[in-house]
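Student: This is query13.cif, which holds mmCIF, C-alpha atoms and all ligand atoms:
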data_query
#
loop_
_atom_site.label_atom_id
_atom_site.label_comp_id
_atom_site.auth_asym_id
_atom_site.auth_seq_id
_atom_site.Cartn_x
_atom_site.Cartn_y
_atom_site.Cartn_z
CA MET D 21 136.30 257.19 31.99
CA HIS D 22 135.67 256.60 28.28
CA SER D 23 137.02 258.98 25.69
CA PHE D 24 135.11 262.07 24.43
CA HIS D 25 134.79 260.25 21.12
CA SER D 26 133.36 257.06 22.65
CA ILE D 27 130.82 259.04 24.66
CA CYS D 28 129.59 260.58 21.41
CA VAL D 29 129.36 257.18 19.76
CA LYS D 30 127.57 255.18 22.47
CA GLU D 31 123.81 254.96 22.89
CA VAL D 32 122.34 256.53 26.04
CA ASP D 33 120.16 254.55 28.43
CA ALA D 34 116.51 254.93 27.47
CA PRO D 35 115.00 257.47 29.90
CA VAL D 36 112.28 255.26 31.40
CA THR D 37 110.66 257.38 34.12
CA THR D 38 106.96 258.12 34.05
CA LYS D 39 105.00 256.57 31.21
CA SER D 40 104.66 258.49 27.96
CA HIS D 41 101.06 259.64 27.41
CA ILE D 42 101.33 259.06 23.67
CA LEU D 43 102.54 255.82 22.08
CA PRO D 44 106.34 256.04 21.70
CA ILE D 45 107.95 255.42 18.32
CA TYR D 46 110.70 252.79 18.53
CA PRO D 47 113.01 253.69 15.64
CA THR D 48 115.37 250.83 16.28
CA SER D 49 116.40 247.94 14.07
CA SER D 50 117.23 245.66 16.98
CA PHE D 51 116.74 245.16 20.70
CA VAL D 52 119.31 244.63 23.41
CA PHE D 53 119.46 241.56 25.65
CA GLU D 54 120.28 241.89 29.34
CA ASN D 55 122.51 238.83 29.08
CA ILE D 56 123.14 235.78 26.95
CA GLU D 57 120.51 233.67 28.79
CA GLN D 58 117.79 236.20 28.00
CA GLY D 59 118.96 236.32 24.38
CA ILE D 60 118.60 232.56 24.08
CA ASP D 61 115.17 232.55 25.77
CA ILE D 62 113.80 235.28 23.53
CA PHE D 63 115.19 233.72 20.35
CA THR D 64 113.67 230.34 21.25
CA GLY D 65 110.35 231.89 22.25
CA LYS D 66 110.67 230.87 25.92
CA GLU D 67 110.51 234.50 26.97
CA GLN D 68 108.41 237.23 25.30
CA GLY D 69 110.49 240.02 23.89
CA HIS D 70 111.72 241.76 20.80
CA VAL D 71 114.70 240.79 18.70
CA TYR D 72 114.77 242.67 15.43
CA SER D 73 112.22 245.14 14.03
CA ARG D 74 111.49 243.13 10.90
CA TYR D 75 110.23 240.35 13.21
CA GLY D 76 108.31 242.72 15.44
CA ASN D 77 108.42 246.24 16.81
CA PRO D 78 106.57 247.54 19.90
CA THR D 79 105.02 250.55 18.11
CA VAL D 80 103.85 248.48 15.15
CA GLU D 81 102.47 245.69 17.35
CA ALA D 82 100.51 248.08 19.58
CA VAL D 83 98.72 249.56 16.56
CA ALA D 84 98.11 246.13 14.96
CA ALA D 85 96.53 244.90 18.21
CA LYS D 86 94.20 247.90 18.32
CA LEU D 87 93.10 247.35 14.69
CA ALA D 88 92.44 243.65 15.40
CA ALA D 89 90.36 244.55 18.47
CA LEU D 90 88.23 246.99 16.44
CA GLU D 91 87.63 244.39 13.74
CA VAL D 92 85.96 242.00 16.25
CA TYR D 93 84.55 244.63 18.62
CA GLY D 94 81.20 243.63 20.10
CA SER D 95 81.76 239.89 19.64
CA ASP D 96 83.59 237.27 21.70
CA ILE D 97 85.86 236.42 18.77
CA GLU D 98 89.59 236.80 19.30
CA ALA D 99 91.65 238.13 16.44
CA ASN D 100 95.31 238.71 15.73
CA GLY D 101 96.60 241.57 13.58
CA ILE D 102 99.89 241.97 11.74
CA MET D 103 100.74 245.36 10.28
CA VAL D 104 102.65 245.43 7.01
CA SER D 105 104.15 248.01 4.67
CA SER D 106 101.04 248.72 2.52
CA GLY D 107 97.61 247.44 1.56
CA MET D 108 99.18 245.55 -1.37
CA SER D 109 101.70 244.13 1.05
CA ALA D 110 98.85 242.84 3.23
CA ILE D 111 97.30 241.06 0.23
CA SER D 112 100.56 239.58 -1.07
CA THR D 113 101.69 238.49 2.40
CA LEU D 114 98.35 236.80 3.05
CA PHE D 115 98.52 235.00 -0.31
CA MET D 116 102.09 233.87 0.39
CA ALA D 117 100.99 232.49 3.75
CA THR D 118 97.91 230.66 2.48
CA LEU D 119 98.61 229.53 -1.12
CA LYS D 120 101.04 227.30 -2.97
CA ALA D 121 101.61 226.38 -6.62
CA GLY D 122 98.64 224.42 -7.96
CA ASP D 123 96.12 226.28 -5.80
CA LYS D 124 93.49 228.56 -7.31
CA VAL D 125 91.98 231.84 -6.06
CA LEU D 126 88.35 232.65 -6.80
CA SER D 127 87.61 236.36 -6.95
CA GLN D 128 85.62 239.11 -8.65
CA GLY D 129 86.29 241.27 -11.73
CA ASN D 130 85.89 244.62 -10.03
CA LEU D 131 88.71 244.33 -7.48
CA TYR D 132 91.08 247.14 -6.56
CA GLY D 133 93.25 247.41 -9.71
CA GLY D 134 96.48 246.50 -7.93
CA THR D 135 94.97 243.29 -6.59
CA THR D 136 93.87 242.13 -10.07
CA GLU D 137 97.36 242.86 -11.38
CA LEU D 138 99.01 241.09 -8.44
CA LEU D 139 97.02 237.95 -9.19
CA GLN D 140 97.53 238.11 -12.96
CA LYS D 141 101.15 239.26 -13.15
CA ILE D 142 102.79 237.77 -10.05
CA PHE D 143 100.86 234.89 -8.47
CA LYS D 144 99.84 233.36 -11.80
CA ASN D 145 103.54 233.02 -12.68
CA LEU D 146 104.10 231.30 -9.34
CA GLY D 147 101.48 228.68 -10.22
CA VAL D 148 98.50 230.17 -8.39
CA GLU D 149 95.71 230.60 -10.92
CA PRO D 150 93.06 233.28 -10.41
CA ILE D 151 89.47 232.75 -11.53
CA PHE D 152 87.34 235.90 -11.80
CA THR D 153 83.57 235.65 -11.65
CA ASN D 154 80.53 237.60 -10.50
CA LEU D 155 80.48 236.74 -6.78
CA ARG D 156 77.04 238.34 -6.50
CA ASP D 157 75.80 235.24 -8.33
CA LEU D 158 75.98 232.69 -5.51
CA ASP D 159 74.78 229.71 -7.58
CA GLN D 160 77.47 230.26 -10.18
CA THR D 161 80.06 230.80 -7.43
CA GLU D 162 79.07 227.49 -5.83
CA THR D 163 79.28 225.69 -9.18
CA ILE D 164 82.81 227.01 -9.73
CA LEU D 165 83.85 225.94 -6.21
CA LYS D 166 82.37 222.48 -6.77
CA GLU D 167 84.15 222.05 -10.10
CA ASN D 168 87.51 223.35 -8.83
CA PRO D 169 88.54 221.61 -5.61
CA THR D 170 91.95 223.32 -5.81
CA ILE D 171 90.36 226.71 -5.05
CA LYS D 172 91.97 227.44 -1.67
CA MET D 173 90.99 231.08 -1.37
CA LEU D 174 87.79 233.01 -1.95
CA TYR D 175 88.92 236.63 -2.05
CA PHE D 176 86.53 239.58 -2.28
CA GLU D 177 86.01 243.27 -1.77
CA THR D 178 82.78 244.96 -0.72
CA PRO D 179 81.75 247.66 -1.42
CA ALA D 180 83.93 247.74 -4.55
CA ASN D 181 85.25 250.45 -6.82
CA PRO D 182 83.81 252.42 -8.55
CA THR D 183 80.08 251.60 -8.51
CA LEU D 184 80.06 250.40 -4.85
CA ALA D 185 78.80 247.00 -5.90
CA CYS D 186 78.50 244.69 -2.88
CA VAL D 187 78.81 240.95 -2.36
CA ASP D 188 77.19 238.89 0.41
CA ILE D 189 79.88 238.36 3.08
CA GLN D 190 77.91 235.85 5.14
CA ALA D 191 76.89 233.72 2.15
CA LEU D 192 80.39 233.71 0.62
CA SER D 193 81.97 232.84 3.99
CA ALA D 194 79.59 229.88 4.29
CA LEU D 195 80.47 228.73 0.75
CA GLY D 196 84.18 229.00 1.58
CA LYS D 197 83.69 226.78 4.63
CA LYS D 198 81.60 224.26 2.72
CA TYR D 199 84.26 223.83 0.01
CA GLY D 200 87.37 224.10 2.18
CA ALA D 201 88.57 227.49 0.91
CA TRP D 202 89.83 230.33 3.09
CA THR D 203 87.77 233.51 2.81
CA ALA D 204 89.50 236.88 2.82
CA ILE D 205 88.07 240.35 2.32
CA ASP D 206 89.47 243.78 1.56
CA ASN D 207 87.63 245.93 4.14
CA THR D 208 89.38 249.20 3.24
CA PHE D 209 86.32 251.18 2.11
CA PRO D 210 83.98 250.62 5.08
CA THR D 211 86.59 250.15 7.89
CA PRO D 212 85.53 248.07 10.93
CA TYR D 213 83.39 250.99 12.07
CA PHE D 214 80.90 250.27 9.30
CA GLN D 215 81.53 246.59 8.50
CA GLN D 216 82.98 243.66 10.50
CA PRO D 217 83.48 240.69 8.16
CA LEU D 218 85.23 238.45 10.73
CA ILE D 219 82.03 238.47 12.77
CA LEU D 220 80.07 237.61 9.60
CA GLY D 221 82.19 234.48 9.08
CA CYS D 222 85.25 235.55 7.09
CA ASP D 223 88.66 234.07 7.98
CA PHE D 224 90.81 237.10 7.14
CA VAL D 225 90.39 240.84 6.72
CA ILE D 226 92.97 243.02 5.02
CA HIS D 227 93.12 246.81 4.98
CA SER D 228 95.02 249.48 3.21
CA THR D 229 95.32 251.59 6.39
CA THR D 230 96.63 254.28 4.02
CA LYS D 231 93.00 255.25 3.38
CA PHE D 232 90.23 255.87 5.96
CA LEU D 233 91.95 254.24 8.95
CA ASN D 234 94.81 256.73 8.85
CA GLY D 235 92.58 259.25 7.13
CA HIS D 236 95.13 262.01 6.72
CA GLY D 237 97.02 260.83 3.65
CA ASN D 238 100.43 260.85 5.34
CA SER D 239 101.39 257.18 5.57
CA ILE D 240 101.31 254.00 3.51
CA ALA D 241 100.61 250.85 5.52
CA GLY D 242 98.38 247.82 5.71
CA VAL D 243 97.16 245.17 8.12
CA ILE D 244 96.16 241.50 8.00
CA ILE D 245 93.69 240.41 10.68
CA GLY D 246 92.71 236.78 11.24
CA LYS D 247 90.74 234.62 13.66
CA ASP D 248 92.96 231.52 13.51
CA LEU D 249 95.47 232.79 16.06
CA ALA D 250 97.95 229.93 15.59
CA PHE D 251 97.87 230.33 11.79
CA MET D 252 98.39 234.09 12.14
CA GLN D 253 101.29 233.66 14.56
CA GLU D 254 102.99 230.90 12.58
CA LYS D 255 102.18 231.17 8.87
CA VAL D 256 101.26 234.82 8.35
CA TRP D 257 103.93 236.15 10.69
CA THR D 258 106.57 233.91 9.05
CA ALA D 259 105.57 235.12 5.57
CA MET D 260 105.78 238.75 6.74
CA LYS D 261 109.13 238.20 8.44
CA LEU D 262 110.77 236.30 5.56
CA ALA D 263 109.33 238.34 2.68
CA GLY D 264 110.24 241.46 4.65
CA THR D 265 106.84 243.09 4.26
CA ASN D 266 106.92 244.55 7.77
CA CYS D 267 105.47 247.96 8.59
CA ASN D 268 107.85 250.61 9.87
CA PRO D 269 107.18 252.24 13.25
CA TRP D 270 106.75 255.75 11.82
CA ASP D 271 103.91 254.76 9.52
CA ALA D 272 102.31 252.66 12.27
CA TRP D 273 102.45 255.67 14.59
CA LEU D 274 100.85 257.98 12.00
CA THR D 275 98.14 255.38 11.41
CA HIS D 276 97.43 255.31 15.13
CA ASN D 277 97.31 259.08 15.32
CA GLY D 278 94.70 259.16 12.55
CA LEU D 279 92.75 256.25 14.00
CA LYS D 280 91.88 258.29 17.09
CA THR D 281 89.30 260.28 15.10
CA LEU D 282 88.06 257.39 12.92
CA THR D 283 84.46 257.46 14.15
CA LEU D 284 84.17 261.26 13.97
CA ARG D 285 85.55 261.28 10.45
CA MET D 286 83.47 258.33 9.20
CA ASP D 287 80.25 259.84 10.53
CA ARG D 288 81.08 263.12 8.80
CA HIS D 289 82.23 261.45 5.54
CA GLN D 290 78.88 259.64 5.50
CA ALA D 291 76.74 262.66 6.34
CA ASN D 292 78.47 264.73 3.65
CA ALA D 293 78.24 261.90 1.08
CA THR D 294 74.51 261.54 1.75
CA GLU D 295 73.90 265.26 1.16
CA LEU D 296 76.08 265.31 -1.93
CA ALA D 297 74.30 262.24 -3.35
CA ASN D 298 70.93 263.94 -2.84
CA TYR D 299 72.19 267.07 -4.60
CA LEU D 300 73.67 265.14 -7.56
CA LYS D 301 70.59 262.95 -7.98
CA GLU D 302 68.53 266.03 -8.83
CA HIS D 303 71.04 267.56 -11.25
CA ASN D 304 70.09 267.53 -14.94
CA GLN D 305 73.70 266.79 -16.06
CA VAL D 306 73.82 263.61 -13.97
CA ALA D 307 72.56 260.33 -15.39
CA GLN D 308 73.18 258.14 -12.35
CA VAL D 309 74.45 258.40 -8.75
CA ASN D 310 76.05 255.37 -7.09
CA TYR D 311 75.81 255.69 -3.31
CA LEU D 312 74.67 252.91 -1.01
CA SER D 313 72.18 254.95 1.02
CA LEU D 314 70.09 255.52 -2.13
CA SER D 315 67.27 253.03 -2.33
CA ASP D 316 67.76 252.70 -6.10
CA HIS D 317 71.32 251.39 -5.69
CA PRO D 318 71.11 247.70 -6.69
CA ASP D 319 72.91 246.66 -3.48
CA HIS D 320 71.18 249.05 -1.07
CA LEU D 321 69.42 246.27 0.84
CA LEU D 322 72.47 244.02 1.07
CA ALA D 323 74.55 246.96 2.29
CA LYS D 324 71.91 247.78 4.87
CA GLN D 325 72.00 244.20 6.08
CA GLN D 326 75.78 243.76 6.44
CA MET D 327 77.01 247.31 7.06
CA SER D 328 76.24 249.74 9.88
CA GLY D 329 76.91 252.76 7.66
CA TYR D 330 77.37 253.55 3.97
CA GLY D 331 80.75 255.26 4.15
CA GLY D 332 82.27 258.14 2.25
CA MET D 333 82.79 256.71 -1.23
CA MET D 334 80.46 257.44 -4.12
CA SER D 335 80.49 257.83 -7.88
CA PHE D 336 78.24 259.42 -10.46
CA GLU D 337 77.75 259.37 -14.17
CA LEU D 338 77.76 262.56 -16.25
CA LYS D 339 75.44 262.53 -19.24
CA GLY D 340 78.08 264.17 -21.45
CA GLY D 341 80.66 261.32 -21.39
CA ILE D 342 84.44 261.84 -21.58
CA LYS D 343 84.22 265.46 -22.73
CA ALA D 344 81.93 266.46 -19.88
CA GLY D 345 84.10 264.51 -17.43
CA VAL D 346 87.27 266.33 -18.45
CA LYS D 347 85.53 269.73 -18.42
CA PHE D 348 84.00 269.03 -15.01
CA MET D 349 87.33 267.96 -13.53
CA SER D 350 89.22 270.95 -14.88
CA SER D 351 86.57 273.35 -13.53
CA LEU D 352 86.78 272.20 -9.91
CA LYS D 353 88.40 274.77 -7.62
CA PHE D 354 87.82 273.44 -4.09
CA CYS D 355 87.85 269.64 -4.47
CA THR D 356 91.22 267.95 -5.04
CA LEU D 357 92.10 265.84 -8.09
CA ALA D 358 93.90 262.85 -6.64
CA PRO D 359 93.96 259.09 -7.16
CA THR D 360 93.82 258.15 -3.46
CA LEU D 361 90.79 258.07 -1.16
CA GLY D 362 89.79 258.31 2.48
CA ASP D 363 91.55 261.57 3.33
CA THR D 364 89.93 264.45 5.22
CA ASP D 365 89.49 266.50 2.04
CA THR D 366 87.28 265.66 -0.93
CA LEU D 367 89.22 263.76 -3.61
CA ILE D 368 87.94 263.36 -7.14
CA LEU D 369 88.97 261.00 -9.93
CA HIS D 370 87.76 260.65 -13.52
CA PRO D 371 88.81 257.04 -14.22
CA ALA D 372 88.24 257.14 -18.02
CA SER D 373 90.74 259.98 -18.51
CA MET D 374 93.01 259.20 -15.53
CA SER D 375 93.49 255.83 -13.79
CA HIS D 376 91.92 253.74 -16.58
CA LYS D 377 93.06 255.76 -19.62
CA ASN D 378 95.09 252.80 -20.94
CA VAL D 379 92.53 250.12 -20.15
CA ASP D 380 90.54 248.74 -23.06
CA LYS D 381 87.18 250.57 -23.20
CA ALA D 382 85.05 247.42 -23.42
CA MET D 383 86.87 245.90 -20.45
CA ARG D 384 86.53 248.96 -18.23
CA GLU D 385 82.86 249.35 -19.14
CA ARG D 386 82.23 245.75 -18.11
CA ASN D 387 83.32 246.80 -14.60
CA GLY D 388 81.15 249.90 -14.57
CA ILE D 389 83.84 252.42 -15.51
CA THR D 390 81.96 254.35 -18.15
CA ASP D 391 83.21 257.47 -19.97
CA GLY D 392 81.34 259.96 -17.79
CA LEU D 393 81.93 258.28 -14.44
CA ILE D 394 83.37 260.47 -11.66
CA ARG D 395 84.56 258.89 -8.40
CA VAL D 396 84.36 260.94 -5.22
CA SER D 397 85.96 260.27 -1.86
CA VAL D 398 83.77 262.71 0.04
CA GLY D 399 85.75 264.66 2.63
CA ILE D 400 84.83 266.08 6.02
CA GLU D 401 84.81 269.76 5.00
CA SER D 402 81.61 271.82 5.24
CA VAL D 403 79.34 270.11 2.77
CA GLU D 404 78.10 273.47 1.37
CA ASP D 405 81.64 274.12 0.06
CA ILE D 406 81.80 270.73 -1.66
CA ILE D 407 78.38 271.15 -3.25
CA ALA D 408 79.04 274.77 -4.31
CA ASP D 409 82.25 273.69 -6.06
CA MET D 410 80.54 270.84 -7.89
CA ASP D 411 77.67 273.13 -8.79
CA GLN D 412 79.92 275.69 -10.49
CA ALA D 413 81.82 272.88 -12.28
CA MET D 414 78.49 271.45 -13.50
CA SER D 415 77.55 274.88 -14.89
CA SER D 416 80.79 274.93 -16.89
CA ILE D 417 79.80 271.86 -18.92
CA GLN D 418 76.34 273.06 -19.93
C1 LIG F 501 94.47 251.66 -1.88
C2 LIG F 501 93.83 250.34 -1.82
C3 LIG F 501 94.59 249.17 -1.77
C4 LIG F 501 96.10 249.18 -1.81
O1 LIG F 501 96.63 249.80 -0.69
P1 LIG F 501 98.09 250.49 -0.62
O2 LIG F 501 98.18 250.92 0.79
O3 LIG F 501 98.10 251.60 -1.62
O4 LIG F 501 99.06 249.42 -0.99
C5 LIG F 501 93.92 247.96 -1.69
N1 LIG F 501 92.57 247.92 -1.69
C6 LIG F 501 91.81 249.02 -1.74
C7 LIG F 501 90.33 248.90 -1.71
C8 LIG F 501 92.41 250.27 -1.81
O5 LIG F 501 91.65 251.36 -1.88
#
Can the structure in the file be given as structure tokens, please?
Tutor:
Amino acid sequence: MHSFHSICVKEVDAPVTTKSHILPIYPTSSFVFENIEQGIDIFTGKEQGHVYSRYGNPTVEAVAAKLAALEVYGSDIEANGIMVSSGMSAISTLFMATLKAGDKVLSQGNLYGGTTELLQKIFKNLGVEPIFTNLRDLDQTETILKENPTIKMLYFETPANPTLACVDIQALSALGKKYGAWTAIDNTFPTPYFQQPLILGCDFVIHSTTKFLNGHGNSIAGVIIGKDLAFMQEKVWTAMKLAGTNCNPWDAWLTHNGLKTLTLRMDRHQANATELANYLKEHNQVAQVNYLSLSDHPDHLLAKQQMSGYGGMMSFELKGGIKAGVKFMSSLKFCTLAPTLGDTDTLILHPASMSHKNVDKAMRERNGITDGLIRVSVGIESVEDIIADMDQAMSSIQ
């Protein structure tokens, strides 16, 4: 008989009886070996099993496998997914696994802000030089690839913030192959429900699962999904393990919980965004509406070709510039002012007075962030409530 004290201290045996209906969370840093032989076999890879949660955790791996399956759904492609601690973590881990000093990355000017900064402030100092160009211009992109054989990564995002500009996934993937560069895409906005870049030829997809995939704004996580299974298992997994960019089981579990309603939410985000776009297009305070279903969006046809839906992100331009933007934002009562996107409720951002306040005006305007631009992550509420709120805010600026 052990002491009262020791009984308190010791772990209990896991109650494995009937299977849990819902994915269990494994909040454990390490795993126990039955005996020394099993320990050796698992450490050397002879037997499948878990060792330490930074290397792999059952909850995290189950969710990563589901995300990878969705990304190649409908094709006979096999993909491997590794969940990490955030969307930024997915991008940095992928770059660490694929690039070395002396390599270059070719990308676009209108990337997610954090990605541009990561390339300019971190990877540039490590000897990986970014080149930013207009990837919509395929001839120019090919010329740059031809002139720079050290470009090892073609990295893009489509549709991109804030104007929903698109690039041609199939054409860029083919250029990457032709010039020996990996292709990787940030597929956060459309999710695999509306866009499947691996099927269109891309090597890697990354997501901030924080956004639409979770959809409820209660976790930060990311995922890297790739088709080269050996490269994923060796290089990407090793980078994740050694840089310590692993996802924790709680955030993976929350992501999975949100994922269950992905299709219902995306369909509703899209239906609401379409109605809102039609309302805004007719408003006399609005100069321009950027939503991919609108036939006057410059990338409407490309989006139609490579996406199966237009998603829930849109932006619009107020005629009255900064002043109108600030007045509009401060008059909203129902919609939420927040810098994130992809949650169930409608989230609004005025980049010129908020996220891009400190960015040089000429530079932000080059990327479509004009003074009167409002970005909307259209939620899944009743669309009449979203439109009524915007309508009363519009009246306040007249
Ligand atoms: C939010 C976001 C990221 C970064 O993701 P985190 O989970 O915040 O690290 C990357 N790309 C896009 C398009 C995003 O919206």
Student: If you count only C-alpha atoms and all ligand atoms, which residues end up within 9 Å of ligand LIG 501 (chain F), as an NGL selection string?
Tutor: :D and (105-111 or 131-135 or 177-181 or 206-209 or 226-231 or 239-242 or 360-362)
Student: With only C-alpha atoms as the atoms that count, which of D:Val32, D:Ile394, D:Val243, D:Cys355 lies nearest to Leu369 of chain D?
Tutor: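 Checking each of D:Val32, D:Ile394, D:Val243, D:Cys355 against Leu369 of chain D, counting only C-alpha atoms, the winner is D:Ile394.
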Student: Which residue gives the smallest distance to Pro210 of chain D among D:His289, D:Lys124, D:Lys377, D:His276, with only C-alpha atoms counted?
Tutor: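 Using only C-alpha atoms, Pro210 of chain D sits closest to D:His289.
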Student: Give me the residues near Lys339 of chain D as a count of residues only, where near means some atom within 6 Å (using all atoms listed in the file) and where sequence neighbours in that chain fewer than 3 positions away do not count.
Tutor: 3
Student: Between D:Asn130, D:Thr356, D:Gln418, D:Thr113, which is the closest to Leu262 of chain D once you count only C-alpha atoms?
Tutor: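 The closest residue to Leu262 of chain D is D:Thr113.
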Student: Residues near Ala272 of chain D, anyone? I mean within 9 Å using all atoms listed in the file, not counting same-chain ones fewer than 2 positions away, as a PyMOL selection string.
Tutor: chain D and resi 45+79-84+103-104+239-241+267-270+274-277
Student: Skipping near chain neighbours, those fewer than 6 positions away, what residues fall within 7 Å of Ile400 of chain D using all atoms listed in the file, listed as a PDB file with C-alpha atoms, keeping the file's coordinate frame?
Tutor:
ATOM      1  CA  ARG D 285      85.550 261.280  10.450  1.00  0.00           C
ATOM      2  CA  ARG D 288      81.080 263.120   8.800  1.00  0.00           C
ATOM      3  CA  HIS D 289      82.230 261.450   5.540  1.00  0.00           C
ATOM      4  CA  ASN D 292      78.470 264.730   3.650  1.00  0.00           C
ATOM      5  CA  THR D 364      89.930 264.450   5.220  1.00  0.00           C
ATOM      6  CA  ASP D 365      89.490 266.500   2.040  1.00  0.00           C
TER       7      ASP D 365
END
Student: Calculate how many Å separate atom CA of Ser328 of chain D from atom CA of Met252 of chain D, rounding to one decimal.
Tutor: 27.2 Å
Student: So that I can check the surroundings of Gly331 of chain D, please list as a compact mmCIF listing (two decimals) with C-alpha atoms, keeping the file's coordinate frame every protein, DNA and RNA residue that reaches within 9 Å of it, counting only C-alpha atoms and ignoring chain neighbours fewer than 6 positions away.
Tutor:
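Result file follows (part16.txt):
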# COMPACT_ATOMS: atom_id res chain seq x y z
CA PHE D 209 86.32 251.18 2.11
CA PRO D 210 83.98 250.62 5.08
CA THR D 211 86.59 250.15 7.89
CA PHE D 214 80.90 250.27 9.30
CA MET D 286 83.47 258.33 9.20
CA ASP D 287 80.25 259.84 10.53
CA HIS D 289 82.23 261.45 5.54
CA GLN D 290 78.88 259.64 5.50
CA ALA D 291 76.74 262.66 6.34
CA ALA D 293 78.24 261.90 1.08
CA TYR D 311 75.81 255.69 -3.31
CA LEU D 312 74.67 252.91 -1.01
Student: With distances taken over all atoms listed in the file, which of D:Ile171, D:Ala191, D:Ile342, D:Ala121 is nearest to Leu155 of chain D?
Tutor: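 Comparing D:Ile171, D:Ala191, D:Ile342, D:Ala121 against Leu155 of chain D, the winner is D:Ala191.
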Student: How big is the axis-aligned box around the listed atoms of segment 149-160 of chain D once 3 Å is added on each side, and where is its centre? Give both in Å to one decimal, as AutoDock Vina command-line options.
Tutor:
--center_x 85.2 --center_y 234.0 --center_z -8.7 --size_x 26.9 --size_y 14.6 --size_z 12.3
Student: Name the residues in contact with Gly122 of chain D at a cut-off of 12 Å, using all atoms listed in the file, excluding same-chain residues fewer than 5 positions from it; report them as a PDB file with C-alpha atoms, keeping the file's coordinate frame.
Tutor:
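This went into selection-v4.pdb:
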ATOM      1  CA  PHE D 143     100.860 234.890  -8.470  1.00  0.00           C
ATOM      2  CA  LYS D 144      99.840 233.360 -11.800  1.00  0.00           C
ATOM      3  CA  ASN D 145     103.540 233.020 -12.680  1.00  0.00           C
ATOM      4  CA  LEU D 146     104.100 231.300  -9.340  1.00  0.00           C
ATOM      5  CA  GLY D 147     101.480 228.680 -10.220  1.00  0.00           C
ATOM      6  CA  VAL D 148      98.500 230.170  -8.390  1.00  0.00           C
ATOM      7  CA  GLU D 149      95.710 230.600 -10.920  1.00  0.00           C
ATOM      8  CA  PRO D 150      93.060 233.280 -10.410  1.00  0.00           C
ATOM      9  CA  ASN D 168      87.510 223.350  -8.830  1.00  0.00           C
ATOM     10  CA  PRO D 169      88.540 221.610  -5.610  1.00  0.00           C
ATOM     11  CA  THR D 170      91.950 223.320  -5.810  1.00  0.00           C
ATOM     12  CA  ILE D 171      90.360 226.710  -5.050  1.00  0.00           C
ATOM     13  CA  LYS D 172      91.970 227.440  -1.670  1.00  0.00           C
TER      14      LYS D 172
END
Student: Between atom CA of Lys86 of chain D and atom CA of Thr203 of chain D, what is the spacing in Å?
Tutor: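 We find that atom CA of Thr203 of chain D and atom CA of Lys86 of chain D lie 22.1 Å from each other.
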Student: Just how far from atom CA of Gly235 of chain D is atom CA of Asp363 of chain D, in Å to one decimal?
Tutor: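 Atom CA of Gly235 of chain D lies at a distance of 4.6 Å from atom CA of Asp363 of chain D.
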Student: Counting only C-alpha atoms, which residue out of D:Gly221, D:Asn304, D:Tyr213, D:Gly264 sits closest to Thr281 of chain D?
Tutor: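 Ranked by minimum distance to Thr281 of chain D, first place goes to D:Tyr213.
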